[in-house]
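> Supplied in structure tokens, the structure appears directly below.
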Protein chains: 4
Amino acid sequence: MVSLFDPIFGASALTAATDGRAWVSALTRVEAALARAEASVGLLDAAQADLLVEAAGSYAASDDEEIASLAESAVAGGNPVIPLVERLRTLVAAQPGGDPSSVHLGATSQDVLDSAAMLVTREAITLAAAATSDCAGLAADLAGEHRATPMVARTLMQQAVPTTFGALAAGWAQGLDRAGAQLRRLSGGLSVQFGGAGGTLAAVHPHGPAIRAALAEELGLADPGSTWHTERTRLAELAAGWGALSMAVGKVATDVIVLSQNEIGEVREGRPGGSSAMAHKRNPAAAIAARAAAAQCPGLVATLLACGGQELQRGAGGWHAEWPALVGLIRSAGGAAYRLRDSLTGLDVDAAAMARNLAGSATGAATPADLDAASDLVDRYLNERSEA
Amino acid sequence: MVSLFDPIFGASALTAATDGRAWVSALTRVEAALARAEASVGLLDAAQADLLVEAAGSYAASDDEEIASLAESAVAGGNPVIPLVERLRTLVAAQPGGDPSSVHLGATSQDVLDSAAMLVTREAITLAAAATSDCAGLAADLAGEHRATPMVARTLMQQAVPTTFGALAAGWAQGLDRAGAQLRRLSGGLSVQFGGAGGTLAAVHPHGPAIRAALAEELGLADPGSTWHTERTRLAELAAGWGALSMAVGKVATDVIVLSQNEIGEVREGRPGGSSAMAHKRNPAAAIAARAAAAQCPGLVATLLACGGQELQRGAGGWHAEWPALVGLIRSAGGAAYRLRDSLTGLDVDAAAMARNLAGSATGAATPADLDAASDLVDRYLNERSEA
Amino acid sequence: MVSLFDPIFGASALTAATDGRAWVSALTRVEAALARAEASVGLLDAAQADLLVEAAGSYAASDDEEIASLAESAVAGGNPVIPLVERLRTLVAAQPGGDPSSVHLGATSQDVLDSAAMLVTREAITLAAAATSDCAGLAADLAGEHRATPMVARTLMQQAVPTTFGALAAGWAQGLDRAGAQLRRLSGGLSVQFGGAGGTLAAVHPHGPAIRAALAEELGLADPGSTWHTERTRLAELAAGWGALSMAVGKVATDVIVLSQNEIGEVREGRPGGSSAMAHKRNPAAAIAARAAAAQCPGLVATLLACGGQELQRGAGGWHAEWPALVGLIRSAGGAAYRLRDSLTGLDVDAAAMARNLAGSATGAATPADLDAASDLVDRYLNERSEA
Amino acid sequence: MVSLFDPIFGASALTAATDGRAWVSALTRVEAALARAEASVGLLDAAQADLLVEAAGSYAASDDEEIASLAESAVAGGNPVIPLVERLRTLVAAQPGGDPSSVHLGATSQDVLDSAAMLVTREAITLAAAATSDCAGLAADLAGEHRATPMVARTLMQQAVPTTFGALAAGWAQGLDRAGAQLRRLSGGLSVQFGGAGGTLAAVHPHGPAIRAALAEELGLADPGSTWHTERTRLAELAAGWGALSMAVGKVATDVIVLSQNEIGEVREGRPGGSSAMAHKRNPAAAIAARAAAAQCPGLVATLLACGGQELQRGAGGWHAEWPALVGLIRSAGGAAYRLRDSLTGLDVDAAAMARNLAGSATGAATPADLDAASDLVDRYLNERSEA
């Protein structure tokens with residue numbers, strides 16, 4: 001399946017990080033890590049664990065056809081872990097001495113899928129946070145360069161009082177830095193899931209907490225100290241992190257679009273877009289795409305929040321509904337950051353236009369206090385930033 | 001790209017109807033139809049139109065690699081029509097006597113993309129409405145068969161008074177019929193878009209309205225009588241149609257899940273799902289997947305509505321944001337109907353369990369009036385339905 | 001309770017149409033009409049029905065204190081119909097010969113509340129549609145007056161090709177007319193609810209359908225021919241109608257804001273807003289408020305759609321969740337239309353600024369074909385409109 | 001205006017904390033604190049500051065009529081700070097020696113409104129967090145009492161394996177504790193807003209940062225170190241906090257509803273609701289209301305996130321749209337916690353029914369390992385909780 005729109009919305013890298021292959025890789029890593037964790041507490045023979053680790057690694061290298069086949073096999077039970085476990089058991093059983101019952105021992109599908117979702121999320125955050133960091137760096141550079149470049153502030157889209165372009169760009173950097181830092185903080189706190197069929201880990205009692213700790217260690221995730229099968233506030237926090245990124249990106253993209261209007265003409269994208277009908281057009285196409293990608297996010301966050309009332313020990317639909325929503329949110333918010341980076345790279349700032357517009361405004365030229373105040377604001381933020 | 005989740009959520013057929021290939025097919029059909037329409041009013045030489053029709057048809061048969069390449073070329077300008085027009089012009093120019101300026105004459109990207117979106121929508125509605133019709137038929141059959149099968153009505157999830165399972169199933173059919181009929185009505189009203197660069201069709205004046213009418217005729221779409229580049233209430237209506245489908249499906253799926261609880265045990269899916277950890281489980285997996293797919297829709301509808309405030313003659317992001325949201329909505333709502341069909345096919349109704357639960361309720365057995373009233377309700381609806 | 005924000009967002013009239021007093025009025029009208037309907041089929045003594053009609057009318061005139069007390073009494077059972085019925089029974093019993101069992105005969109709370117919701121909705125639509133019609137009329141007047149006033153079209157917020165302000169304003173009128181017409185159509189189709197405790201009307205069998213028809217007649221609502229306690233696609237349609245209004249309003253408000261920018265200066269509100277800090281500001285405050293009110297709507301529509309999966313014969317929360325969402329949606333979408341009317345009333349159009357901006361654009365002055373095409377588009381719409 | 005629905009949804013206390021009176025109180029406190037802060041850095045005469053503090057306090061005691069009048073006066077400019085400043089200036093000018101220009105010195109409307117919004121939020125969090133803490137405490141008590149009370153775990157709403165009711169209730173407590181803790185953490189970080197007309201504090205340069213710090217100190221808010229007029233990721237964080245609360249509440253409410261079904265009968269609300277038509281009903285009315293209130297929140301969070309792309313130095317609608325959405329979110333999420341407290345208070349747990357249902361399940365009675373594992377999970381959480 002080829003998407004005609006993914007590249008426009010910057011989603012290509014994040015689509016790759018969240019597609020079927022990426023999920024299969026994460027799911028198999030969880031099964032392998034579980035075996036190692038169970039071996040570490042003596043519940044599983046180390047050799048058996050090794051066999052499973054090998055089988056998992058080999059399955060992860062499956063081609064697209066096999067992944068599509070796995071996806072079809074997932075329909076009957078409603079989640080892909082069920083057929084994956086079958087396939088891994090078959091692979092293990094095919095090895096000399098391989099015991100298929102060593103696969104998925106004491107775990108439930110949701111343990112594997114939720115843990116894999118956290119791995120997928122972590123990798124997606126790494127990508128998105130890097131793009132966000134690039135955006136913030138570009139904004140910070142603009143802030144520094146233009147700390148004292150006078151422009152008219154516009155409130156409610158009406159000319160207000162003098163400021164500098166640097167002060168505006170410093171605000172951009174702040175939002176992006178804040179959103180990026182929050183995502184990284186969330187990434188550091190991503191928790192493993194391990195609760196077993198009913199959430200109490202009875203099947204591996206009394207080793208449950210020790211296995212969960214070892215599993216967390218194996219995967220580099222946090223040990224939540226408990227089961228969160230239907231306690232989904234973690235998802236609200238993640239959703240909010242991606243949502244905040246979409247806000248920070250959407251704000252900058254909107255500003256680029258507004259300042260690029262011909263009548264304002266204060267910025268222009270370095271590689272503007274053309275038109276199928278008008279040769280003269282210089283559209284801020286990257287900012288427009290970033291804004292459109294960001295606009296997908298509020299609804300997706302709402303979907304994740306609305307999934308929250310999951311019944312008893314495993315939600316009958318609320319859990320499943322998280323998967324496409326989370327994937328969509330990652331692609332949209334992350335993609336928005338990628339396209340904003342395109343927009344800010346080589347952004348052309350027209351200080352003369354800024355001066356002209358300011359001169360034509362009701363307040364006229366900037367006073368020294370105006371410039372000092374704005375520069376001071378920029379310097380404080382760049383200082384704080386370089387110390388962070 | 002392979003999705004691990006699409007099949008679970010029933011989206012496979014609708015994904016195929018909305019993927020890159022489907023969009024390219026629709027976009028090229030619009031360009032071809034435009035040429036024919038312009039030839040029909042004498043603006044274009046018929047031979048040139050034929051060359052373009054041929055080029056469009058040949059491009060539509062491109063392989064995935066070319067579609068991916070087109071998608072990459074769409075990034076610079078922010079929409080896929082720009083590079084598509086270039087490719088078609090190259091193809092036309094390569095023909096003896098081919099005039100590349102005959103391609104996309106008087107049109108703007110949005111004309112082609114919006115019209116193509118309506119074609120894609122129409123084909124998706126055909127698929128989804130058929131699945132919905134199947135679901136409604138299955139529900140109506142259950143209603144007829146169980147018009148007088150007593151069960152306890154449950155209000156606020158508490159046992160209330162006697163009803164029949166047929167009365168419940170008739171309500172399912174009504175919602176599904178209503179949603180299906182609305183989608184079909186919307187499909188019949190889908191409008192072509194043709195406004196030109198600024199929305200006034202000045203470039204082809206005074207032939208604009210005649211070309212638009214002919215284009216509509218060519219594509220089997222309605223002639224809106226005007227330009228709707230930034231008048232997007234049509235999208236609200238479409239969104240609402242898919243949203244209503246998701247409600248109708250979600251309601252039935254929820255009921256199947258609730259009635260399948262072991263303690264109630266009044267229905268069971270014909271092919272229930274299993275578990276990775278518990279061999280005895282008989283999960284209503286299809287209903288759960290349908291519910292989860294339906295749960296994606298409210299947020300996607302909100303996204304489409306939030307795109308509505310599109311600036312002046314072409315929205316700077318609001319327009320673009322519609323594409324992934326519309327595609328997602330079609331896949332989710334349509335997929336939900338597909339999975340509900342799986343759930344209702346062979347649904348096992350346990351009249352004895354219904355009788356037992358009713359007998360154990362505060363009101364006890366159904367009176368003749370209870371059964372008459374419920375049967376009457378069923379008969380009236382099935383009558384109305386057979387007349388429709 | 002006094003709201004500090006309602007007037008800004010134009011909600012005052014719609015708040016009055018949807019507050020506790022309005023709901024109590026509607027609920028009592030339904031109970032009274034039910035008695036009359038039951039008398040009409042001979043199920044109730046006409047004199048008893050008269051007593052209830054009188055009691056309902058007298059209760060509807062209660063002061064705020066009593067309404068607040070009713071609201072408190074509604075907490076225990078989770079809906080206001082339960083205590084309202086008690087109060088009406090007490091009032092009827094206090095009359096000579098009054099039989100309290102004649103109140104609410106055969107009905108369930110949801111019958112009364114859903115029917116009342118349709119009455120409240122109808123009255124709100126009357127208000128909102130009138131404001132919308134005013135807005136459309138103002139836009140149509142602008143379209144006619146400026147059918148040939150040249151301006152530059154702006155696509156993706158970049159100058160594109162010539163158009164006229166009339167063509168833009170005609171598009172405003174179209175969206176508003178379309179949204180208004182849809183609301184009026186929905187208003188005409190609003191259905192009564194009457195299903196009784198379990199949805200089958202068994203308690204009044206075989207008079208159920210006849211009573212429902214008479215009740216519909218009494219209230220001027222449609223007879224749905226069935227029970228829709230948990231078949232909530234009607235709510236999706238209503239939600240979509242209000243959502244489309246919010247889109248149509250939001251689009252015009254956005255355009256007013258964009259064209260009011262000092263650097264563009266093509267329109268200005270007749271009574272612009274000031275600032276707490278800058279004496280020179282002329283903010284398009286009404287358009288801004290309209291845009292903000294419209295922005296509430298997508299989320300509220302999503303909430304209503306997400307309520308759709310209501311369990312079995314009465315939803316355990318999904319039904320209740322509709323009440324605040326519907327009220328909020330009416331106030332926000334309707335209020336947006338009120339504030340847009342303020343914005344368009346006396347809107348100052350600066351044809352000279354339009355000419356200046358056009359002259360400065362890449363395409364320069366409008367050609368006769370540009371003006372003809374735009375004027376033609378306007379004339380067609382105004383013609384169609386005057387015939388409607 | 002009296003609401004018929006607020007008490008049902010538990011919103012009464014939070015409505016009072018967010019109504020016109022509460023906002024006027026907060027706005028006047030900000031104006032007073034600003035004067036004191038400016039006096040502290042020597043920008044304002046202390047006596048003038050005292051006059052303003054007195055005027056602000058006196059205005060805050062206005063009756064409803066005056067607040068309604070202020071709200072009407074807010075329409076023209078689109079925010080209530082403009083007329084409030086006028087009123088305060090009149091009050092100050094009426095004092096001997098009072099200088100009206102000392103009011104609102106160097107501030108812009110958004111400084112005052114955003115800071116007031118943080119005060120309103122803080123007070124709302126105090127109320128909601130207390131209710132949430134009560135809920136968590138009730139859940140923790142249930143967990144402790146029933147740490148070893150066997151029940152059947154239900155996954156996908158199907159009987160699975162043994163667990164204990166205490167393990168389920170511990171999960172409830174965890175979600176509520178987590179959401180409550182997050183809200184309290186957010187409350188501790190709420191930031192003052194002070195940026196002046198263009199965001200640079202030029203009007204009070206070079207005292208800006210010192211005034212902002214003093215203002216933060218006066219109000220007990222954090223000093224953000226910068227202006228966040230259009231950097232709204234803070235709102236995403238707040239929205240997420242309320243959204244997570246709604247998830248935690250919605251989960252527990254759903255479980256109470258599901259376990260209260262007659263056929264399951266494992267819990268029953270201490271004061272269940274009745275019916276207008278069925279005397280025998282024992283509806284979990286408080287849980288239903290809590291669930292319905294929680295269901296309002298995802299859409300409201302989406303609205304707040306969608307407000308994020310605020311243009312340049314002050315959003316033209318995006319800022320304003322936050323007010324009703326934030327107020328609605330606070331009332332809904334907070335109200336949900338209030339009603340959940342009603343539901344859990346005196347919740348009747350039927351251990352015999354749990355035992356009966358478990359015995360009838362496929363896995364039958366709980367093993368010692370089942371009980372040990374579940375009790376252990378409970379003990380760990382209660383331990384962790386008592387140490388927190």
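Going through the structure tokens in order, the chains are called A, B, and so on, while each chain numbers its residues from 1 and the ligands are numbered from 1 in the order shown.
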Counting only C-alpha atoms, give me one row per residue of chain B with an atom at most 6 Å from an atom of chain C, showing the shortest contact pair and its distance in Å to one decimal, sorted by chain then residue number, as CSV.

```
residue,atom,partner,partner_atom,distance
B:Ala153,CA,C:Gly198,CA,5.5
B:Arg154,CA,C:Gln313,CA,5.5
B:Thr155,CA,C:Arg314,CA,4.3
B:Leu156,CA,C:Ala316,CA,4.1
B:Val161,CA,C:Gly198,CA,5.8
B:Gly175,CA,C:Glu231,CA,5.6
B:Gly198,CA,C:Ala153,CA,5.5
B:Thr200,CA,C:Ala374,CA,5.2
B:Ala202,CA,C:Asp370,CA,5.0
B:His205,CA,C:Ala373,CA,6.0
B:Glu231,CA,C:Gly175,CA,5.6
B:Thr233,CA,C:Ala244,CA,5.3
B:Ala236,CA,C:Ala244,CA,5.5
B:Ala240,CA,C:Ala240,CA,5.5
B:Ala244,CA,C:Thr233,CA,5.3
B:Met247,CA,C:Gly308,CA,4.8
B:Gly250,CA,C:Gly309,CA,4.9
B:Lys251,CA,C:Gly309,CA,3.9
B:Asp255,CA,C:Leu312,CA,5.7
B:Pro298,CA,C:Ala302,CA,4.4
B:Gly299,CA,C:Ala302,CA,5.8
B:Ala302,CA,C:Pro298,CA,4.4
B:Leu305,CA,C:Pro298,CA,5.5
B:Ala306,CA,C:Pro298,CA,5.8
B:Gly308,CA,C:Met247,CA,4.8
B:Gly309,CA,C:Lys251,CA,3.8
B:Gln310,CA,C:Lys251,CA,5.7
B:Glu311,CA,C:Asp255,CA,5.7
B:Leu312,CA,C:Asp255,CA,5.7
B:Gln313,CA,C:Thr155,CA,5.1
B:Arg314,CA,C:Thr155,CA,4.3
B:Gly315,CA,C:Leu156,CA,5.4
B:Ala316,CA,C:Leu156,CA,4.1
B:Ala369,CA,C:Ala202,CA,5.9
B:Asp370,CA,C:Ala202,CA,5.0
B:Ala373,CA,C:Ala202,CA,5.1
B:Ala374,CA,C:Thr200,CA,5.2
```
> Pull C-alpha atoms from the residues just selected and write them as an mmCIF file, in the first residue's frame.

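Just written: part_34.cif:
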```
data_model
loop_
_atom_site.group_PDB
_atom_site.id
_atom_site.type_symbol
_atom_site.label_atom_id
_atom_site.label_comp_id
_atom_site.auth_asym_id
_atom_site.auth_seq_id
_atom_site.Cartn_x
_atom_site.Cartn_y
_atom_site.Cartn_z
ATOM 1 C CA ALA B 153 -35.175 -5.304 28.468
ATOM 2 C CA ARG B 154 -32.266 -3.668 30.237
ATOM 3 C CA THR B 155 -32.266 0.055 30.848
ATOM 4 C CA LEU B 156 -29.185 1.701 32.313
ATOM 5 C CA VAL B 161 -39.433 -5.109 31.822
ATOM 6 C CA GLY B 175 -30.157 2.357 12.834
ATOM 7 C CA GLY B 198 -9.514 32.238 -8.176
ATOM 8 C CA THR B 200 -14.546 32.432 -10.827
ATOM 9 C CA ALA B 202 -12.295 33.528 -15.492
ATOM 10 C CA HIS B 205 -14.946 32.591 -19.411
ATOM 11 C CA GLU B 231 -17.418 26.638 1.352
ATOM 12 C CA THR B 233 -20.296 22.516 4.605
ATOM 13 C CA ALA B 236 -19.633 18.423 7.301
ATOM 14 C CA ALA B 240 -21.836 13.318 9.535
ATOM 15 C CA ALA B 244 -23.804 8.222 11.817
ATOM 16 C CA MET B 247 -22.864 5.239 15.718
ATOM 17 C CA GLY B 250 -21.100 0.923 17.533
ATOM 18 C CA LYS B 251 -24.517 0.507 19.104
ATOM 19 C CA ASP B 255 -25.102 -4.825 22.480
ATOM 20 C CA PRO B 298 -15.966 11.019 16.419
ATOM 21 C CA GLY B 299 -12.467 12.505 16.575
ATOM 22 C CA ALA B 302 -14.268 16.754 14.629
ATOM 23 C CA LEU B 305 -15.343 20.155 11.037
ATOM 24 C CA ALA B 306 -12.415 22.032 12.527
ATOM 25 C CA GLY B 308 -13.946 24.456 8.066
ATOM 26 C CA GLY B 309 -12.715 28.004 8.517
ATOM 27 C CA GLN B 310 -10.704 28.006 5.286
ATOM 28 C CA GLU B 311 -9.259 31.392 4.398
ATOM 29 C CA LEU B 312 -10.482 33.400 1.415
ATOM 30 C CA GLN B 313 -10.166 31.572 -1.915
ATOM 31 C CA ARG B 314 -8.150 28.504 -0.775
ATOM 32 C CA GLY B 315 -7.414 27.387 2.754
ATOM 33 C CA ALA B 316 -3.826 27.462 3.976
ATOM 34 C CA ALA B 369 -49.455 -7.808 25.887
ATOM 35 C CA ASP B 370 -45.679 -7.647 26.246
ATOM 36 C CA ALA B 373 -46.515 -5.103 21.643
ATOM 37 C CA ALA B 374 -42.986 -6.232 20.827
#
```
> Considering only C-alpha atoms, return as an MDAnalysis selection string whatever protein or nucleic-acid residues lie within 9 Å of Met151 of chain B, sequence-local ones (same chain, fewer than 5 positions apart) excluded.
chainID B and resid 161:165 266 351 353:359 365:366
> Please give the complete set of residues from segment 158-328 of chain A that DSSP, run on the backbone, assigns to helix (DSSP H, G or I), formatted as a PyMOL selection string.
chain A and resi 165-188+202-204+208-219+233-259+285-295+297-306+318-328
> Can you tell me how far atom CA of Ala39 of chain D sits from atom CA of Leu219 of chain D, in Å to one decimal?
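Separation between atom CA of Ala39 of chain D and atom CA of Leu219 of chain D: 14.8 Å.
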> Can you write out as JSON lines which residues of segment 292-341 of chain A fall within 12 Å of segment 59-83 of chain B, alongside each residue's closest atom pair and its distance in Å to one decimal, counting only C-alpha atoms and ordering rows by chain and ascending residue number?

```
{"residue": "A:Ala292", "atom": "CA", "partner": "B:Gly78", "partner_atom": "CA", "distance": 10.3}
{"residue": "A:Ala293", "atom": "CA", "partner": "B:Gly78", "partner_atom": "CA", "distance": 11.6}
{"residue": "A:Tyr338", "atom": "CA", "partner": "B:Val75", "partner_atom": "CA", "distance": 11.8}
{"residue": "A:Arg339", "atom": "CA", "partner": "B:Val75", "partner_atom": "CA", "distance": 9.4}
```
> If I take atom CA of Gln193 of chain B and atom CA of Val41 of chain B, how far is one from the other in Å, to one decimal?
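Separation of atom CA of Gln193 of chain B and atom CA of Val41 of chain B: 17.6 Å.
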> Would you mind listing what lies within 9 Å of segment 18-30 of chain D as a PyMOL selection string, with only C-alpha atoms counted and same-chain residues fewer than 2 positions away left out?
(chain C and resi 1-5) or (chain D and resi 13-16+32-35+53+55-57+59-64+67-68+71+80-81+84+88+111-113+115-121+123-124+215+218-219+327+330-331)
> Using only N, CA and C atoms, please write the residues we just selected to a file, as a compact mmCIF listing (two decimals), in the first residue's frame.

```txt
# COMPACT_ATOMS: atom_id res chain seq x y z
N MET C 1 -26.60 32.05 38.75
CA MET C 1 -25.25 31.98 38.16
C MET C 1 -25.16 32.93 36.97
N VAL C 2 -24.16 33.77 37.01
CA VAL C 2 -23.96 34.72 35.92
C VAL C 2 -22.69 34.31 35.17
N SER C 3 -22.78 34.25 33.85
CA SER C 3 -21.59 33.93 33.07
C SER C 3 -20.90 35.22 32.64
N LEU C 4 -19.59 35.23 32.74
CA LEU C 4 -18.84 36.41 32.30
C LEU C 4 -18.59 36.36 30.79
N PHE C 5 -18.79 35.19 30.18
CA PHE C 5 -18.37 35.03 28.79
C PHE C 5 -19.53 34.88 27.80
N ALA D 13 -20.31 22.55 42.68
CA ALA D 13 -19.20 23.24 43.37
C ALA D 13 -18.24 23.84 42.34
N LEU D 14 -17.98 23.11 41.28
CA LEU D 14 -17.03 23.60 40.29
C LEU D 14 -17.64 24.69 39.42
N THR D 15 -18.94 24.66 39.25
CA THR D 15 -19.59 25.78 38.57
C THR D 15 -19.41 27.05 39.39
N ALA D 16 -19.60 26.94 40.69
CA ALA D 16 -19.42 28.12 41.54
C ALA D 16 -17.98 28.62 41.49
N ALA D 32 -5.02 43.93 41.44
CA ALA D 32 -4.50 44.41 42.73
C ALA D 32 -3.05 43.96 42.93
N ALA D 33 -2.80 42.71 42.63
CA ALA D 33 -1.44 42.18 42.82
C ALA D 33 -0.45 42.88 41.89
N LEU D 34 -0.89 43.23 40.72
CA LEU D 34 -0.01 43.92 39.78
C LEU D 34 0.39 45.29 40.36
N ALA D 35 -0.59 45.97 40.92
CA ALA D 35 -0.27 47.27 41.52
C ALA D 35 0.74 47.10 42.65
N VAL D 53 -5.88 48.43 45.29
CA VAL D 53 -6.20 47.19 46.01
C VAL D 53 -7.58 47.29 46.64
N ALA D 55 -10.04 49.34 45.71
CA ALA D 55 -11.06 49.40 44.65
C ALA D 55 -11.34 48.01 44.10
N ALA D 56 -10.27 47.25 43.89
CA ALA D 56 -10.42 45.90 43.35
C ALA D 56 -11.23 45.04 44.30
N GLY D 57 -10.89 45.12 45.58
CA GLY D 57 -11.63 44.33 46.57
C GLY D 57 -13.09 44.73 46.60
N TYR D 59 -14.79 46.09 44.16
CA TYR D 59 -15.49 45.67 42.94
C TYR D 59 -15.79 44.17 42.95
N ALA D 60 -14.88 43.41 43.53
CA ALA D 60 -15.07 41.96 43.58
C ALA D 60 -16.33 41.58 44.34
N ALA D 61 -16.80 42.48 45.20
CA ALA D 61 -18.00 42.19 45.98
C ALA D 61 -19.27 42.60 45.24
N SER D 62 -19.16 42.91 43.98
CA SER D 62 -20.33 43.34 43.19
C SER D 62 -21.43 42.28 43.20
N ASP D 63 -22.66 42.72 43.03
CA ASP D 63 -23.76 41.75 42.95
C ASP D 63 -23.87 41.20 41.52
N ASP D 64 -24.74 40.23 41.36
CA ASP D 64 -24.90 39.55 40.07
C ASP D 64 -25.26 40.53 38.96
N ILE D 67 -22.18 42.12 37.67
CA ILE D 67 -21.36 41.18 36.89
C ILE D 67 -21.98 40.96 35.52
N ALA D 68 -23.30 40.86 35.48
CA ALA D 68 -23.97 40.72 34.18
C ALA D 68 -23.74 41.97 33.33
N ALA D 71 -20.31 41.82 31.94
CA ALA D 71 -20.27 40.85 30.84
C ALA D 71 -20.81 41.48 29.57
N PRO D 80 -13.40 40.66 28.97
CA PRO D 80 -13.95 41.38 30.13
C PRO D 80 -12.96 42.29 30.83
N VAL D 81 -11.70 42.20 30.47
CA VAL D 81 -10.71 43.02 31.18
C VAL D 81 -10.86 44.49 30.78
N LEU D 84 -13.52 46.03 32.81
CA LEU D 84 -13.16 45.96 34.23
C LEU D 84 -12.15 47.05 34.57
N LEU D 88 -12.50 49.96 37.35
CA LEU D 88 -11.53 50.15 38.43
C LEU D 88 -10.96 51.57 38.37
N ASP D 111 -2.69 39.52 29.87
CA ASP D 111 -1.93 39.31 31.12
C ASP D 111 -2.88 39.02 32.28
N VAL D 112 -3.90 39.83 32.35
CA VAL D 112 -4.82 39.74 33.48
C VAL D 112 -5.71 38.51 33.33
N LEU D 113 -6.20 38.31 32.15
CA LEU D 113 -7.11 37.18 31.98
C LEU D 113 -6.39 35.84 32.12
N SER D 115 -3.62 35.21 33.80
CA SER D 115 -3.25 35.02 35.21
C SER D 115 -4.48 34.64 36.04
N ALA D 116 -5.59 35.31 35.75
CA ALA D 116 -6.83 34.97 36.47
C ALA D 116 -7.25 33.54 36.16
N ALA D 117 -7.07 33.14 34.91
CA ALA D 117 -7.44 31.76 34.55
C ALA D 117 -6.63 30.76 35.37
N MET D 118 -5.38 31.12 35.67
CA MET D 118 -4.56 30.22 36.47
C MET D 118 -5.05 30.19 37.92
N LEU D 119 -5.49 31.34 38.42
CA LEU D 119 -6.05 31.35 39.77
C LEU D 119 -7.33 30.52 39.83
N VAL D 120 -8.19 30.73 38.86
CA VAL D 120 -9.44 29.96 38.81
C VAL D 120 -9.12 28.46 38.72
N THR D 121 -8.16 28.13 37.89
CA THR D 121 -7.76 26.72 37.74
C THR D 121 -7.24 26.16 39.06
N GLU D 123 -7.93 27.02 42.07
CA GLU D 123 -9.00 26.77 43.04
C GLU D 123 -9.84 25.57 42.62
N ALA D 124 -10.04 25.45 41.34
CA ALA D 124 -10.81 24.29 40.86
C ALA D 124 -10.05 23.00 41.11
N LEU D 215 4.85 39.88 40.88
CA LEU D 215 3.44 39.53 40.64
C LEU D 215 3.21 38.04 40.92
N GLU D 218 3.19 37.57 44.60
CA GLU D 218 1.93 38.05 45.18
C GLU D 218 0.80 37.04 45.03
N LEU D 219 0.74 36.43 43.86
CA LEU D 219 -0.39 35.55 43.54
C LEU D 219 -0.12 34.09 43.87
N VAL D 327 -13.47 26.18 31.12
CA VAL D 327 -14.51 26.16 32.15
C VAL D 327 -15.32 24.87 32.04
N ILE D 330 -13.23 21.84 33.31
CA ILE D 330 -13.12 21.80 34.78
C ILE D 330 -14.41 21.28 35.39
N ARG D 331 -15.53 21.81 34.92
CA ARG D 331 -16.81 21.39 35.50
C ARG D 331 -17.10 19.92 35.23
```
> Return as a PyMOL selection string the full set of residues in segment 86-159 of chain B whose backbone-based DSSP assignment is strand (DSSP E or B).
chain B and resi 150-155+158-159
